[in-house]
Structure formats: C-alpha cells, structure tokens
There are 2 protein chains.
Amino acid sequence: MAPTTKNPGRTRATYFPRLAAERLDIALCRASAAVARAADAHAGEEGLGVGQHLVLQMLDAVGPCSQQTLSEELRIDRSVMVSVCDDLEQQGLVRRERNPRDRRSYAVTLTDLGRRRLAQAQTSIPAFLEDTFQPLTPDERHQLSTLLGKLLGTGT
Amino acid sequence: MAPTTKNPGRTRATYFPRLAAERLDIALCRASAAVARAADAHAGEEGLGVGQHLVLQMLDAVGPCSQQTLSEELRIDRSVMVSVCDDLEQQGLVRRERNPRDRRSYAVTLTDLGRRRLAQAQTSIPAFLEDTFQPLTPDERHQLSTLLGKLLGTGT
DNA sequence: TGCAAATCATCTGCTGTCAAACGATTGGTA
DNA sequence: TACCAATCGTTTGACAGCAGATGATTTGCA
C-alpha cells in the first residue's frame, strides 16, 4: 500500500488557507472565534466574565453610567447587559442606584470591592494578550489594531 | 438650556475607541460581529446561507468530500454541517452518496444545479467584500489578510 | 477469525445572542 | 392640565454554536 489506497479525495495541503486568503470576511470571523474562545477560557479561570470585566473597567474610567450607555459603548446588547449587571451586583462589585434626574435609568456605580476586583483582574490581561497574539510581532499587532480601528470607524 | 442640565455623566467623545485601541481581542471580536452581520444580510438576500455557499465552493474546488473533511477545512462544527448539507440536498444542489470505500462517510457531491447556483452566488461576492471593507484601501486589505493569516496559522 | 478502539454522521441538551414586546417613566405639545 | 411619542430596563421567544452521547461501520491487533 505504497500509493495510499484510501483517502481518495483528501487533499493534504489543506483548503482552508486558500479560503482565508480569498475571503477576508471568513478569515476575520474564524480568527475572532478562536480569540473569543481563548478570552472566554481566560475569563473562566479568572472567575470574571469578559463582559463583566469590561463593565468594571468602563465604570472605573468614566464614572457611574446607565446600562444604556454601557451597552452602547461596549457594544453589548442591552438585554445581555441586564444579566451582566445582575451578576456584578450580586457579587457586590457594583451598585444600581436610581438616577434621581431620570428614574427610568440606573446609575451603575463601582464599589470599592469592585475596584479591587478590577485591579486584580487587570494584572492578567497583558499576559493573556501576549499569549493569544503570539504569532504576531508587536509591530504587527499595532498594524492590526490600526486596521481594525479603521474598520470599526473609531478614527485612527 | 445652554449648559445641558441632563446627561450628567454622558461623555460624548465616546469610550469605545479607547477600549478598541487597548484591547486587540475586543476590537477583533467587534469587527468580526459587524462583518458577520453584513455577511448574513448579504447571504439572506442571495437566498443561500454563508455556510452553504462555502460548502458549494469547496466541493467545486476539491471535488467530492466527506462531511468530516468539509467541517475541518471550513471550520464549521460537524453537527452544524449536518443541517447545512440537509438544506443543500433538499434544494438539489448536492447529493449525498455513500462512499463505497468507507460506508460510514458520505461523499458529498456537487450537482449541475449546484454548480450553476454557485456560479450565480459567486458573482455578488466581490461587491459584498468591496462594500464591507470599504474603509480600507486595497493595500490595507492585503495587510489585514496577511496578519489574519499569521494569526490563523495558515502559513504566510 | 474475533474483539476492542476509533471514526463518521447524527441527535440531544445547554448556553449565549439577538429581536421584539412590555411596563414604568420622561419630555414635548396643545 | 391632558396626551402622545420616546427612552430605560426587563422579559420572552427564537435561533445558532458547541459538547457529549449514540448507532453504524471500519481498522488494528491478538
């Protein structure tokens, strides 16, 4: 069985690279799926979901926010934001205070515990990014960041 | 109401650009989500799902395949591949023939109708890509493709 | 040969995401 | 004032994606 009798149509030197080269949209989606998987795994070890981390980080950066604002800025659907804030509140990392000016909205507020939890979670992010984007040099990562920025319409 | 009495914490000059610049993983996922949404919309108009299109294209390129091979090369879960092939078969675009060498697997085969349908669907792809990646110059698209290729481990 | 392990396609159940609808509240207009 | 549209948070239902189990079949090895 020198000339492989089986695997009649199996073209090693696979098809995927060709596809990824031709279809930029597919390449982007597949890469994103891999990265998202890694991020979820990392977040799982850390005990704080990706979305929850982002909410804490934004609250720390810009102060108390409505869930609406958090949704828009973090690109997380508002119906998802509900459960994200539920979890955070239950862990005592944020408080939901009614906005006296507009009682329809909350003013989601970072607690001291939340601030400490965020600081702790932040420490592992650089290593995670380093690990996930290891195939790229620092310069290439910067290129990628710029290109994605343009694609997202977030200025340069 | 010259000094806006409401919107106390609303920081226009939004937060998202900062986030996207710091967190390459988030930028990648958000960009991918936007692109995927556009692709789904395009595929909807075309009447052929993204996965179904990819299957037809691969069959045309490499000949009859098992669902397993299609799954691996297209990065589509095998349990999802089942319904993708179901749809294609029901529309008469592929046939599922048993592989006589290995009756566990199918040899999914492109029909003439499938080949014509593929040719028709292909024509609208360039315009879709042009539209979706409009913020990027051709050179930048090539850069992005190269970077994603490295990230996906598909050689240069 | 006969038997254990691996493989292919499929099915089931779980999770996360999104669209749409809903109550509560607000702002604007007559 | 009374009323209508818009907004915020929430709930619900539909749907895709993935892990794991299952049945049929094949392969490897004694």
# chains A, B, ... in the order shown; residues from 1 in each chain; ligands from 1
call {"tool": "select_by_dssp", "arguments": {"residues": "segment 11-131 of chain B", "states": "helix (DSSP H, G or I)", "output": "PyMOL selection string"}}
result
chain B and resi 16-22+24-46+50-62+67-74+78-90+112-122+125-131
call {"tool": "closest_atom_pairs", "arguments": {"of": "chain A", "to": "chain B", "cutoff": "8 Å", "atoms": "only C-alpha atoms", "output": "Markdown table"}}
result
| residue | atom | partner | partner_atom | distance |
| --- | --- | --- | --- | --- |
| A:Lys6 | CA | B:Arg101 | CA | 7.5 |
| A:Gly9 | CA | B:Cys65 | CA | 6.7 |
| A:Arg10 | CA | B:Thr69 | CA | 7.8 |
| A:Thr11 | CA | B:Val62 | CA | 7.6 |
| A:Thr14 | CA | B:Glu73 | CA | 6.9 |
| A:Tyr15 | CA | B:Glu73 | CA | 6.0 |
| A:Phe16 | CA | B:Glu73 | CA | 5.1 |
| A:Pro17 | CA | B:Thr154 | CA | 5.2 |
| A:Ala20 | CA | B:Gly149 | CA | 7.1 |
| A:Ala21 | CA | B:Ser145 | CA | 6.4 |
| A:Leu24 | CA | B:Ser145 | CA | 6.1 |
| A:Asp25 | CA | B:Val35 | CA | 6.5 |
| A:Ala27 | CA | B:Leu148 | CA | 6.4 |
| A:Leu28 | CA | B:Ser32 | CA | 5.8 |
| A:Cys29 | CA | B:Ser32 | CA | 5.2 |
| A:Arg30 | CA | B:Arg75 | CA | 7.4 |
| A:Ala31 | CA | B:Leu152 | CA | 6.0 |
| A:Ser32 | CA | B:Cys29 | CA | 5.2 |
| A:Ala33 | CA | B:Cys29 | CA | 7.6 |
| A:Val35 | CA | B:Asp25 | CA | 6.5 |
| A:Ala36 | CA | B:Cys29 | CA | 6.9 |
| A:Ala39 | CA | B:Asp25 | CA | 7.8 |
| A:Met58 | CA | B:Tyr15 | CA | 7.7 |
| A:Val62 | CA | B:Thr11 | CA | 7.6 |
| A:Gly63 | CA | B:Gly9 | CA | 7.3 |
| A:Pro64 | CA | B:Gly9 | CA | 6.9 |
| A:Cys65 | CA | B:Gly9 | CA | 6.6 |
| A:Thr69 | CA | B:Arg10 | CA | 7.7 |
| A:Glu73 | CA | B:Phe16 | CA | 5.1 |
| A:Leu74 | CA | B:Phe16 | CA | 6.2 |
| A:Arg75 | CA | B:Arg30 | CA | 7.4 |
| A:Arg101 | CA | B:Lys6 | CA | 7.4 |
| A:Leu129 | CA | B:Asp25 | CA | 7.5 |
| A:Phe133 | CA | B:Leu151 | CA | 7.0 |
| A:Pro135 | CA | B:Leu151 | CA | 5.7 |
| A:Leu136 | CA | B:Leu151 | CA | 6.9 |
| A:Glu140 | CA | B:Leu147 | CA | 7.2 |
| A:Arg141 | CA | B:Leu24 | CA | 7.9 |
| A:Leu144 | CA | B:Leu144 | CA | 6.7 |
| A:Ser145 | CA | B:Leu24 | CA | 6.1 |
| A:Thr146 | CA | B:Ala21 | CA | 7.9 |
| A:Leu147 | CA | B:Leu144 | CA | 6.9 |
| A:Leu148 | CA | B:Ala27 | CA | 6.4 |
| A:Gly149 | CA | B:Ala20 | CA | 7.1 |
| A:Lys150 | CA | B:Pro135 | CA | 6.2 |
| A:Leu151 | CA | B:Pro135 | CA | 5.7 |
| A:Leu152 | CA | B:Ala31 | CA | 6.0 |
| A:Gly153 | CA | B:Pro135 | CA | 7.8 |
| A:Thr154 | CA | B:Pro17 | CA | 5.2 |
| A:Gly155 | CA | B:Pro17 | CA | 7.6 |
call {"tool": "interface_residues", "arguments": {"of": "chain C", "to": "chain B", "cutoff": "9 Å", "atoms": "only C-alpha atoms (C1' of nucleotides)", "output": "VMD selection string"}}
result
chain C and resid 7 to 11
call {"tool": "calpha_fit_and_write", "arguments": {"fixed": "chain A", "moving": "chain B", "output": "PDB file with C-alpha atoms, in the first residue's frame"}}
result
ATOM      1  CA  MET B   1       0.376   0.319   1.570  1.00  0.00           C
ATOM      2  CA  ALA B   2       2.816   2.777   0.132  1.00  0.00           C
ATOM      3  CA  PRO B   3       0.355   4.543  -2.191  1.00  0.00           C
ATOM      4  CA  THR B   4      -2.416   5.285   0.307  1.00  0.00           C
ATOM      5  CA  THR B   5      -5.283   3.032  -0.691  1.00  0.00           C
ATOM      6  CA  LYS B   6      -7.841   5.072   1.194  1.00  0.00           C
ATOM      7  CA  ASN B   7      -8.347   8.807   1.622  1.00  0.00           C
ATOM      8  CA  PRO B   8      -9.186   9.087  -2.055  1.00  0.00           C
ATOM      9  CA  GLY B   9     -10.121  12.764  -2.061  1.00  0.00           C
ATOM     10  CA  ARG B  10      -8.230  13.954   1.003  1.00  0.00           C
ATOM     11  CA  THR B  11      -6.136  16.851  -0.196  1.00  0.00           C
ATOM     12  CA  ARG B  12      -3.544  17.399   2.490  1.00  0.00           C
ATOM     13  CA  ALA B  13      -2.119  20.820   1.865  1.00  0.00           C
ATOM     14  CA  THR B  14      -5.438  21.965   3.053  1.00  0.00           C
ATOM     15  CA  TYR B  15      -8.064  24.140   1.485  1.00  0.00           C
ATOM     16  CA  PHE B  16      -8.559  26.569   4.354  1.00  0.00           C
ATOM     17  CA  PRO B  17      -5.537  28.811   3.673  1.00  0.00           C
ATOM     18  CA  ARG B  18      -6.767  29.458   0.158  1.00  0.00           C
ATOM     19  CA  LEU B  19     -10.213  30.331   1.469  1.00  0.00           C
ATOM     20  CA  ALA B  20      -8.837  32.660   4.134  1.00  0.00           C
ATOM     21  CA  ALA B  21      -6.736  34.447   1.530  1.00  0.00           C
ATOM     22  CA  GLU B  22      -9.674  34.965  -0.825  1.00  0.00           C
ATOM     23  CA  ARG B  23     -12.388  35.791   1.654  1.00  0.00           C
ATOM     24  CA  LEU B  24     -11.287  38.481   4.056  1.00  0.00           C
ATOM     25  CA  ASP B  25     -14.625  38.301   5.839  1.00  0.00           C
ATOM     26  CA  ILE B  26     -14.233  34.601   6.580  1.00  0.00           C
ATOM     27  CA  ALA B  27     -10.652  35.039   7.750  1.00  0.00           C
ATOM     28  CA  LEU B  28     -11.786  37.779  10.104  1.00  0.00           C
ATOM     29  CA  CYS B  29     -14.646  35.733  11.538  1.00  0.00           C
ATOM     30  CA  ARG B  30     -12.569  32.585  12.034  1.00  0.00           C
ATOM     31  CA  ALA B  31      -9.768  34.495  13.714  1.00  0.00           C
ATOM     32  CA  SER B  32     -12.292  36.242  15.921  1.00  0.00           C
ATOM     33  CA  ALA B  33     -13.881  32.946  16.916  1.00  0.00           C
ATOM     34  CA  ALA B  34     -10.513  31.555  17.957  1.00  0.00           C
ATOM     35  CA  VAL B  35      -9.678  34.667  19.940  1.00  0.00           C
ATOM     36  CA  ALA B  36     -13.100  34.766  21.570  1.00  0.00           C
ATOM     37  CA  ARG B  37     -12.690  31.184  22.621  1.00  0.00           C
ATOM     38  CA  ALA B  38      -9.339  31.980  24.209  1.00  0.00           C
ATOM     39  CA  ALA B  39     -10.814  35.015  25.939  1.00  0.00           C
ATOM     40  CA  ASP B  40     -13.684  32.982  27.363  1.00  0.00           C
ATOM     41  CA  ALA B  41     -11.297  30.350  28.629  1.00  0.00           C
ATOM     42  CA  HIS B  42      -9.123  33.010  30.233  1.00  0.00           C
ATOM     43  CA  ALA B  43     -12.134  34.731  31.751  1.00  0.00           C
ATOM     44  CA  GLY B  44     -13.346  31.394  33.069  1.00  0.00           C
ATOM     45  CA  GLU B  45     -10.088  30.795  34.904  1.00  0.00           C
ATOM     46  CA  GLU B  46     -10.223  34.332  36.225  1.00  0.00           C
ATOM     47  CA  GLY B  47     -13.798  33.815  37.433  1.00  0.00           C
ATOM     48  CA  LEU B  48     -15.023  37.022  35.823  1.00  0.00           C
ATOM     49  CA  GLY B  49     -16.767  37.029  32.447  1.00  0.00           C
ATOM     50  CA  VAL B  50     -15.401  39.116  29.603  1.00  0.00           C
ATOM     51  CA  GLY B  51     -18.440  41.399  29.583  1.00  0.00           C
ATOM     52  CA  GLN B  52     -18.323  41.818  33.333  1.00  0.00           C
ATOM     53  CA  HIS B  53     -14.668  42.776  33.180  1.00  0.00           C
ATOM     54  CA  LEU B  54     -15.385  45.360  30.498  1.00  0.00           C
ATOM     55  CA  VAL B  55     -18.185  46.879  32.547  1.00  0.00           C
ATOM     56  CA  LEU B  56     -16.004  47.226  35.627  1.00  0.00           C
ATOM     57  CA  GLN B  57     -13.243  48.736  33.519  1.00  0.00           C
ATOM     58  CA  MET B  58     -15.517  51.304  31.927  1.00  0.00           C
ATOM     59  CA  LEU B  59     -17.096  52.276  35.223  1.00  0.00           C
ATOM     60  CA  ASP B  60     -13.622  52.800  36.627  1.00  0.00           C
ATOM     61  CA  ALA B  61     -12.664  54.934  33.644  1.00  0.00           C
ATOM     62  CA  VAL B  62     -15.701  57.172  33.239  1.00  0.00           C
ATOM     63  CA  GLY B  63     -17.614  56.921  36.514  1.00  0.00           C
ATOM     64  CA  PRO B  64     -21.227  55.854  37.135  1.00  0.00           C
ATOM     65  CA  CYS B  65     -23.217  55.061  33.991  1.00  0.00           C
ATOM     66  CA  SER B  66     -26.645  53.971  32.889  1.00  0.00           C
ATOM     67  CA  GLN B  67     -26.896  50.465  31.495  1.00  0.00           C
ATOM     68  CA  GLN B  68     -27.844  52.095  28.228  1.00  0.00           C
ATOM     69  CA  THR B  69     -24.553  53.948  28.012  1.00  0.00           C
ATOM     70  CA  LEU B  70     -22.614  50.851  28.975  1.00  0.00           C
ATOM     71  CA  SER B  71     -24.402  48.906  26.256  1.00  0.00           C
ATOM     72  CA  GLU B  72     -23.677  51.414  23.546  1.00  0.00           C
ATOM     73  CA  GLU B  73     -20.034  51.987  24.393  1.00  0.00           C
ATOM     74  CA  LEU B  74     -19.128  48.367  24.990  1.00  0.00           C
ATOM     75  CA  ARG B  75     -21.183  47.082  22.048  1.00  0.00           C
ATOM     76  CA  ILE B  76     -23.069  44.679  24.288  1.00  0.00           C
ATOM     77  CA  ASP B  77     -26.792  44.284  23.692  1.00  0.00           C
ATOM     78  CA  ARG B  78     -28.886  45.956  26.401  1.00  0.00           C
ATOM     79  CA  SER B  79     -30.817  42.783  27.116  1.00  0.00           C
ATOM     80  CA  VAL B  80     -27.507  41.029  27.730  1.00  0.00           C
ATOM     81  CA  MET B  81     -26.314  43.921  29.872  1.00  0.00           C
ATOM     82  CA  VAL B  82     -29.139  43.181  32.290  1.00  0.00           C
ATOM     83  CA  SER B  83     -27.737  39.813  33.319  1.00  0.00           C
ATOM     84  CA  VAL B  84     -24.156  41.081  33.262  1.00  0.00           C
ATOM     85  CA  CYS B  85     -25.084  43.755  35.798  1.00  0.00           C
ATOM     86  CA  ASP B  86     -27.192  41.261  37.736  1.00  0.00           C
ATOM     87  CA  ASP B  87     -24.143  39.071  38.241  1.00  0.00           C
ATOM     88  CA  LEU B  88     -21.901  41.980  39.151  1.00  0.00           C
ATOM     89  CA  GLU B  89     -24.432  43.303  41.643  1.00  0.00           C
ATOM     90  CA  GLN B  90     -24.893  39.891  43.211  1.00  0.00           C
ATOM     91  CA  GLN B  91     -21.140  39.646  43.725  1.00  0.00           C
ATOM     92  CA  GLY B  92     -21.166  43.089  45.299  1.00  0.00           C
ATOM     93  CA  LEU B  93     -18.904  44.574  42.635  1.00  0.00           C
ATOM     94  CA  VAL B  94     -21.366  47.264  41.526  1.00  0.00           C
ATOM     95  CA  ARG B  95     -24.430  48.961  42.959  1.00  0.00           C
ATOM     96  CA  ARG B  96     -27.506  49.937  40.981  1.00  0.00           C
ATOM     97  CA  GLU B  97     -28.610  53.311  42.268  1.00  0.00           C
ATOM     98  CA  ARG B  98     -31.551  55.103  40.760  1.00  0.00           C
ATOM     99  CA  ASN B  99     -30.578  58.225  38.931  1.00  0.00           C
ATOM    100  CA  PRO B 100     -32.519  60.979  40.769  1.00  0.00           C
ATOM    101  CA  ARG B 101     -32.490  63.115  37.614  1.00  0.00           C
ATOM    102  CA  ASP B 102     -34.073  60.357  35.543  1.00  0.00           C
ATOM    103  CA  ARG B 103     -35.625  57.555  37.489  1.00  0.00           C
ATOM    104  CA  ARG B 104     -35.991  55.393  34.397  1.00  0.00           C
ATOM    105  CA  SER B 105     -32.277  54.748  34.352  1.00  0.00           C
ATOM    106  CA  TYR B 106     -29.873  53.397  36.906  1.00  0.00           C
ATOM    107  CA  ALA B 107     -26.539  54.864  37.836  1.00  0.00           C
ATOM    108  CA  VAL B 108     -24.455  51.726  37.898  1.00  0.00           C
ATOM    109  CA  THR B 109     -21.676  52.410  40.370  1.00  0.00           C
ATOM    110  CA  LEU B 110     -18.421  50.647  41.081  1.00  0.00           C
ATOM    111  CA  THR B 111     -17.983  49.525  44.692  1.00  0.00           C
ATOM    112  CA  ASP B 112     -14.666  49.384  46.513  1.00  0.00           C
ATOM    113  CA  LEU B 113     -14.775  45.628  46.248  1.00  0.00           C
ATOM    114  CA  GLY B 114     -15.403  45.994  42.527  1.00  0.00           C
ATOM    115  CA  ARG B 115     -12.437  48.283  42.166  1.00  0.00           C
ATOM    116  CA  ARG B 116     -10.166  45.787  43.900  1.00  0.00           C
ATOM    117  CA  ARG B 117     -11.569  42.926  41.839  1.00  0.00           C
ATOM    118  CA  LEU B 118     -10.916  44.908  38.673  1.00  0.00           C
ATOM    119  CA  ALA B 119      -7.344  45.685  39.667  1.00  0.00           C
ATOM    120  CA  GLN B 120      -6.760  42.020  40.260  1.00  0.00           C
ATOM    121  CA  ALA B 121      -8.302  40.969  36.929  1.00  0.00           C
ATOM    122  CA  GLN B 122      -6.340  43.618  35.027  1.00  0.00           C
ATOM    123  CA  THR B 123      -3.009  42.114  35.968  1.00  0.00           C
ATOM    124  CA  SER B 124      -3.557  39.011  33.885  1.00  0.00           C
ATOM    125  CA  ILE B 125      -4.686  40.806  30.727  1.00  0.00           C
ATOM    126  CA  PRO B 126      -1.260  41.641  29.254  1.00  0.00           C
ATOM    127  CA  ALA B 127      -0.150  38.029  29.519  1.00  0.00           C
ATOM    128  CA  PHE B 128      -3.384  36.892  27.919  1.00  0.00           C
ATOM    129  CA  LEU B 129      -2.943  39.274  24.997  1.00  0.00           C
ATOM    130  CA  GLU B 130       0.703  38.350  24.645  1.00  0.00           C
ATOM    131  CA  ASP B 131      -0.268  34.710  24.551  1.00  0.00           C
ATOM    132  CA  THR B 132      -3.180  35.033  22.158  1.00  0.00           C
ATOM    133  CA  PHE B 133      -1.434  37.272  19.650  1.00  0.00           C
ATOM    134  CA  GLN B 134       1.908  35.554  19.888  1.00  0.00           C
ATOM    135  CA  PRO B 135       2.106  34.873  16.126  1.00  0.00           C
ATOM    136  CA  LEU B 136       2.291  38.620  15.567  1.00  0.00           C
ATOM    137  CA  THR B 137       5.210  40.910  16.349  1.00  0.00           C
ATOM    138  CA  PRO B 138       4.468  44.033  18.422  1.00  0.00           C
ATOM    139  CA  ASP B 139       4.628  46.102  15.273  1.00  0.00           C
ATOM    140  CA  GLU B 140       2.190  43.820  13.498  1.00  0.00           C
ATOM    141  CA  ARG B 141      -0.201  44.006  16.448  1.00  0.00           C
ATOM    142  CA  HIS B 142      -0.115  47.751  16.163  1.00  0.00           C
ATOM    143  CA  GLN B 143      -0.872  47.483  12.439  1.00  0.00           C
ATOM    144  CA  LEU B 144      -3.771  45.180  13.140  1.00  0.00           C
ATOM    145  CA  SER B 145      -5.115  47.528  15.776  1.00  0.00           C
ATOM    146  CA  THR B 146      -4.979  50.438  13.358  1.00  0.00           C
ATOM    147  CA  LEU B 147      -6.710  48.500  10.585  1.00  0.00           C
ATOM    148  CA  LEU B 148      -9.471  47.305  12.896  1.00  0.00           C
ATOM    149  CA  GLY B 149      -9.868  50.836  14.177  1.00  0.00           C
ATOM    150  CA  LYS B 150     -10.515  52.062  10.649  1.00  0.00           C
ATOM    151  CA  LEU B 151     -12.912  49.231  10.022  1.00  0.00           C
ATOM    152  CA  LEU B 152     -14.796  50.027  13.216  1.00  0.00           C
ATOM    153  CA  GLY B 153     -14.896  53.711  12.399  1.00  0.00           C
ATOM    154  CA  THR B 154     -13.166  54.726  15.592  1.00  0.00           C
ATOM    155  CA  GLY B 155     -11.053  57.408  14.018  1.00  0.00           C
ATOM    156  CA  THR B 156      -7.373  56.679  13.403  1.00  0.00           C
TER     157      THR B 156
END
call {"tool": "interface_residues", "arguments": {"of": "chain D", "to": "chain A", "cutoff": "9 Å", "atoms": "only C-alpha atoms (C1' of nucleotides)", "output": "list of chain:residue names"}}
result
D:DT7, D:DC8, D:DG9, D:DT10, D:DT11
call {"tool": "write_last_selection", "arguments": {"atoms": "C-alpha atoms (C1' of nucleotides)", "output": "mmCIF file, in the first residue's frame"}}
result
data_model
loop_
_atom_site.group_PDB
_atom_site.id
_atom_site.type_symbol
_atom_site.label_atom_id
_atom_site.label_comp_id
_atom_site.auth_asym_id
_atom_site.auth_seq_id
_atom_site.Cartn_x
_atom_site.Cartn_y
_atom_site.Cartn_z
ATOM 1 C "C1'" DT D 7 -36.483 56.211 26.384
ATOM 2 C "C1'" DC D 8 -34.696 52.811 30.025
ATOM 3 C "C1'" DG D 9 -34.577 48.404 31.905
ATOM 4 C "C1'" DT D 10 -36.577 43.956 31.635
ATOM 5 C "C1'" DT D 11 -38.690 39.672 29.952
#
call {"tool": "select_by_dssp", "arguments": {"residues": "chain B", "states": "strand (DSSP E or B)", "output": "ChimeraX atom specification"}}
result
/B:65,94-98,106-110
call {"tool": "decode", "arguments": {"residues": "segment 98-126 of chain A", "atoms": "N, CA and C atoms", "output": "short mmCIF file (atom, residue, chain, number, x, y, z; two decimals), in the first residue's frame"}}
result
data_model
loop_
_atom_site.label_atom_id
_atom_site.label_comp_id
_atom_site.auth_asym_id
_atom_site.auth_seq_id
_atom_site.Cartn_x
_atom_site.Cartn_y
_atom_site.Cartn_z
N ARG A 98 -30.78 54.42 41.60
CA ARG A 98 -31.67 55.12 40.68
C ARG A 98 -31.13 56.51 40.43
N ASN A 99 -31.19 56.90 39.18
CA ASN A 99 -30.82 58.26 38.82
C ASN A 99 -31.97 59.18 39.19
N PRO A 100 -31.77 60.10 40.15
CA PRO A 100 -32.88 60.95 40.61
C PRO A 100 -33.40 61.86 39.50
N ARG A 101 -32.54 62.23 38.57
CA ARG A 101 -32.93 63.07 37.44
C ARG A 101 -33.86 62.32 36.48
N ASP A 102 -33.62 61.04 36.33
CA ASP A 102 -34.40 60.24 35.38
C ASP A 102 -34.57 58.85 35.95
N ARG A 103 -35.72 58.63 36.56
CA ARG A 103 -35.88 57.39 37.31
C ARG A 103 -36.10 56.18 36.42
N ARG A 104 -36.04 56.38 35.10
CA ARG A 104 -36.09 55.20 34.23
C ARG A 104 -34.75 54.49 34.23
N SER A 105 -33.71 55.25 34.37
CA SER A 105 -32.37 54.67 34.25
C SER A 105 -31.71 54.48 35.60
N TYR A 106 -30.76 53.61 35.64
CA TYR A 106 -29.94 53.43 36.82
C TYR A 106 -28.68 54.26 36.68
N ALA A 107 -27.99 54.46 37.79
CA ALA A 107 -26.61 54.92 37.74
C ALA A 107 -25.79 53.77 38.31
N VAL A 108 -25.26 52.96 37.41
CA VAL A 108 -24.47 51.82 37.84
C VAL A 108 -23.15 52.35 38.38
N THR A 109 -22.83 51.96 39.61
CA THR A 109 -21.70 52.55 40.32
C THR A 109 -20.75 51.48 40.81
N LEU A 110 -19.48 51.73 40.62
CA LEU A 110 -18.44 50.81 41.05
C LEU A 110 -18.28 50.88 42.58
N THR A 111 -18.25 49.74 43.23
CA THR A 111 -17.99 49.73 44.67
C THR A 111 -16.48 49.61 44.92
N ASP A 112 -16.09 49.77 46.17
CA ASP A 112 -14.67 49.62 46.50
C ASP A 112 -14.21 48.20 46.20
N LEU A 113 -15.08 47.25 46.57
CA LEU A 113 -14.77 45.86 46.28
C LEU A 113 -14.59 45.65 44.77
N GLY A 114 -15.48 46.28 44.00
CA GLY A 114 -15.40 46.18 42.55
C GLY A 114 -14.09 46.74 42.03
N ARG A 115 -13.66 47.85 42.61
CA ARG A 115 -12.42 48.48 42.17
C ARG A 115 -11.24 47.55 42.45
N ARG A 116 -11.26 46.91 43.60
CA ARG A 116 -10.17 45.99 43.93
C ARG A 116 -10.19 44.77 43.00
N ARG A 117 -11.41 44.27 42.77
CA ARG A 117 -11.55 43.11 41.89
C ARG A 117 -11.05 43.43 40.49
N LEU A 118 -11.35 44.62 40.02
CA LEU A 118 -10.90 45.05 38.70
C LEU A 118 -9.39 45.10 38.64
N ALA A 119 -8.79 45.72 39.66
CA ALA A 119 -7.33 45.84 39.69
C ALA A 119 -6.68 44.47 39.60
N GLN A 120 -7.27 43.54 40.34
CA GLN A 120 -6.74 42.18 40.32
C GLN A 120 -6.85 41.56 38.94
N ALA A 121 -8.04 41.71 38.33
CA ALA A 121 -8.27 41.10 37.02
C ALA A 121 -7.38 41.73 35.94
N GLN A 122 -7.13 43.01 36.08
CA GLN A 122 -6.33 43.71 35.07
C GLN A 122 -4.93 43.13 34.94
N THR A 123 -4.38 42.66 36.05
CA THR A 123 -2.99 42.23 36.03
C THR A 123 -2.75 41.09 35.04
N SER A 124 -3.78 40.27 34.81
CA SER A 124 -3.55 39.10 33.96
C SER A 124 -3.83 39.37 32.48
N ILE A 125 -4.32 40.57 32.18
CA ILE A 125 -4.68 40.86 30.79
C ILE A 125 -3.46 40.91 29.85
N PRO A 126 -2.40 41.62 30.22
CA PRO A 126 -1.25 41.67 29.31
C PRO A 126 -0.74 40.29 28.93
#
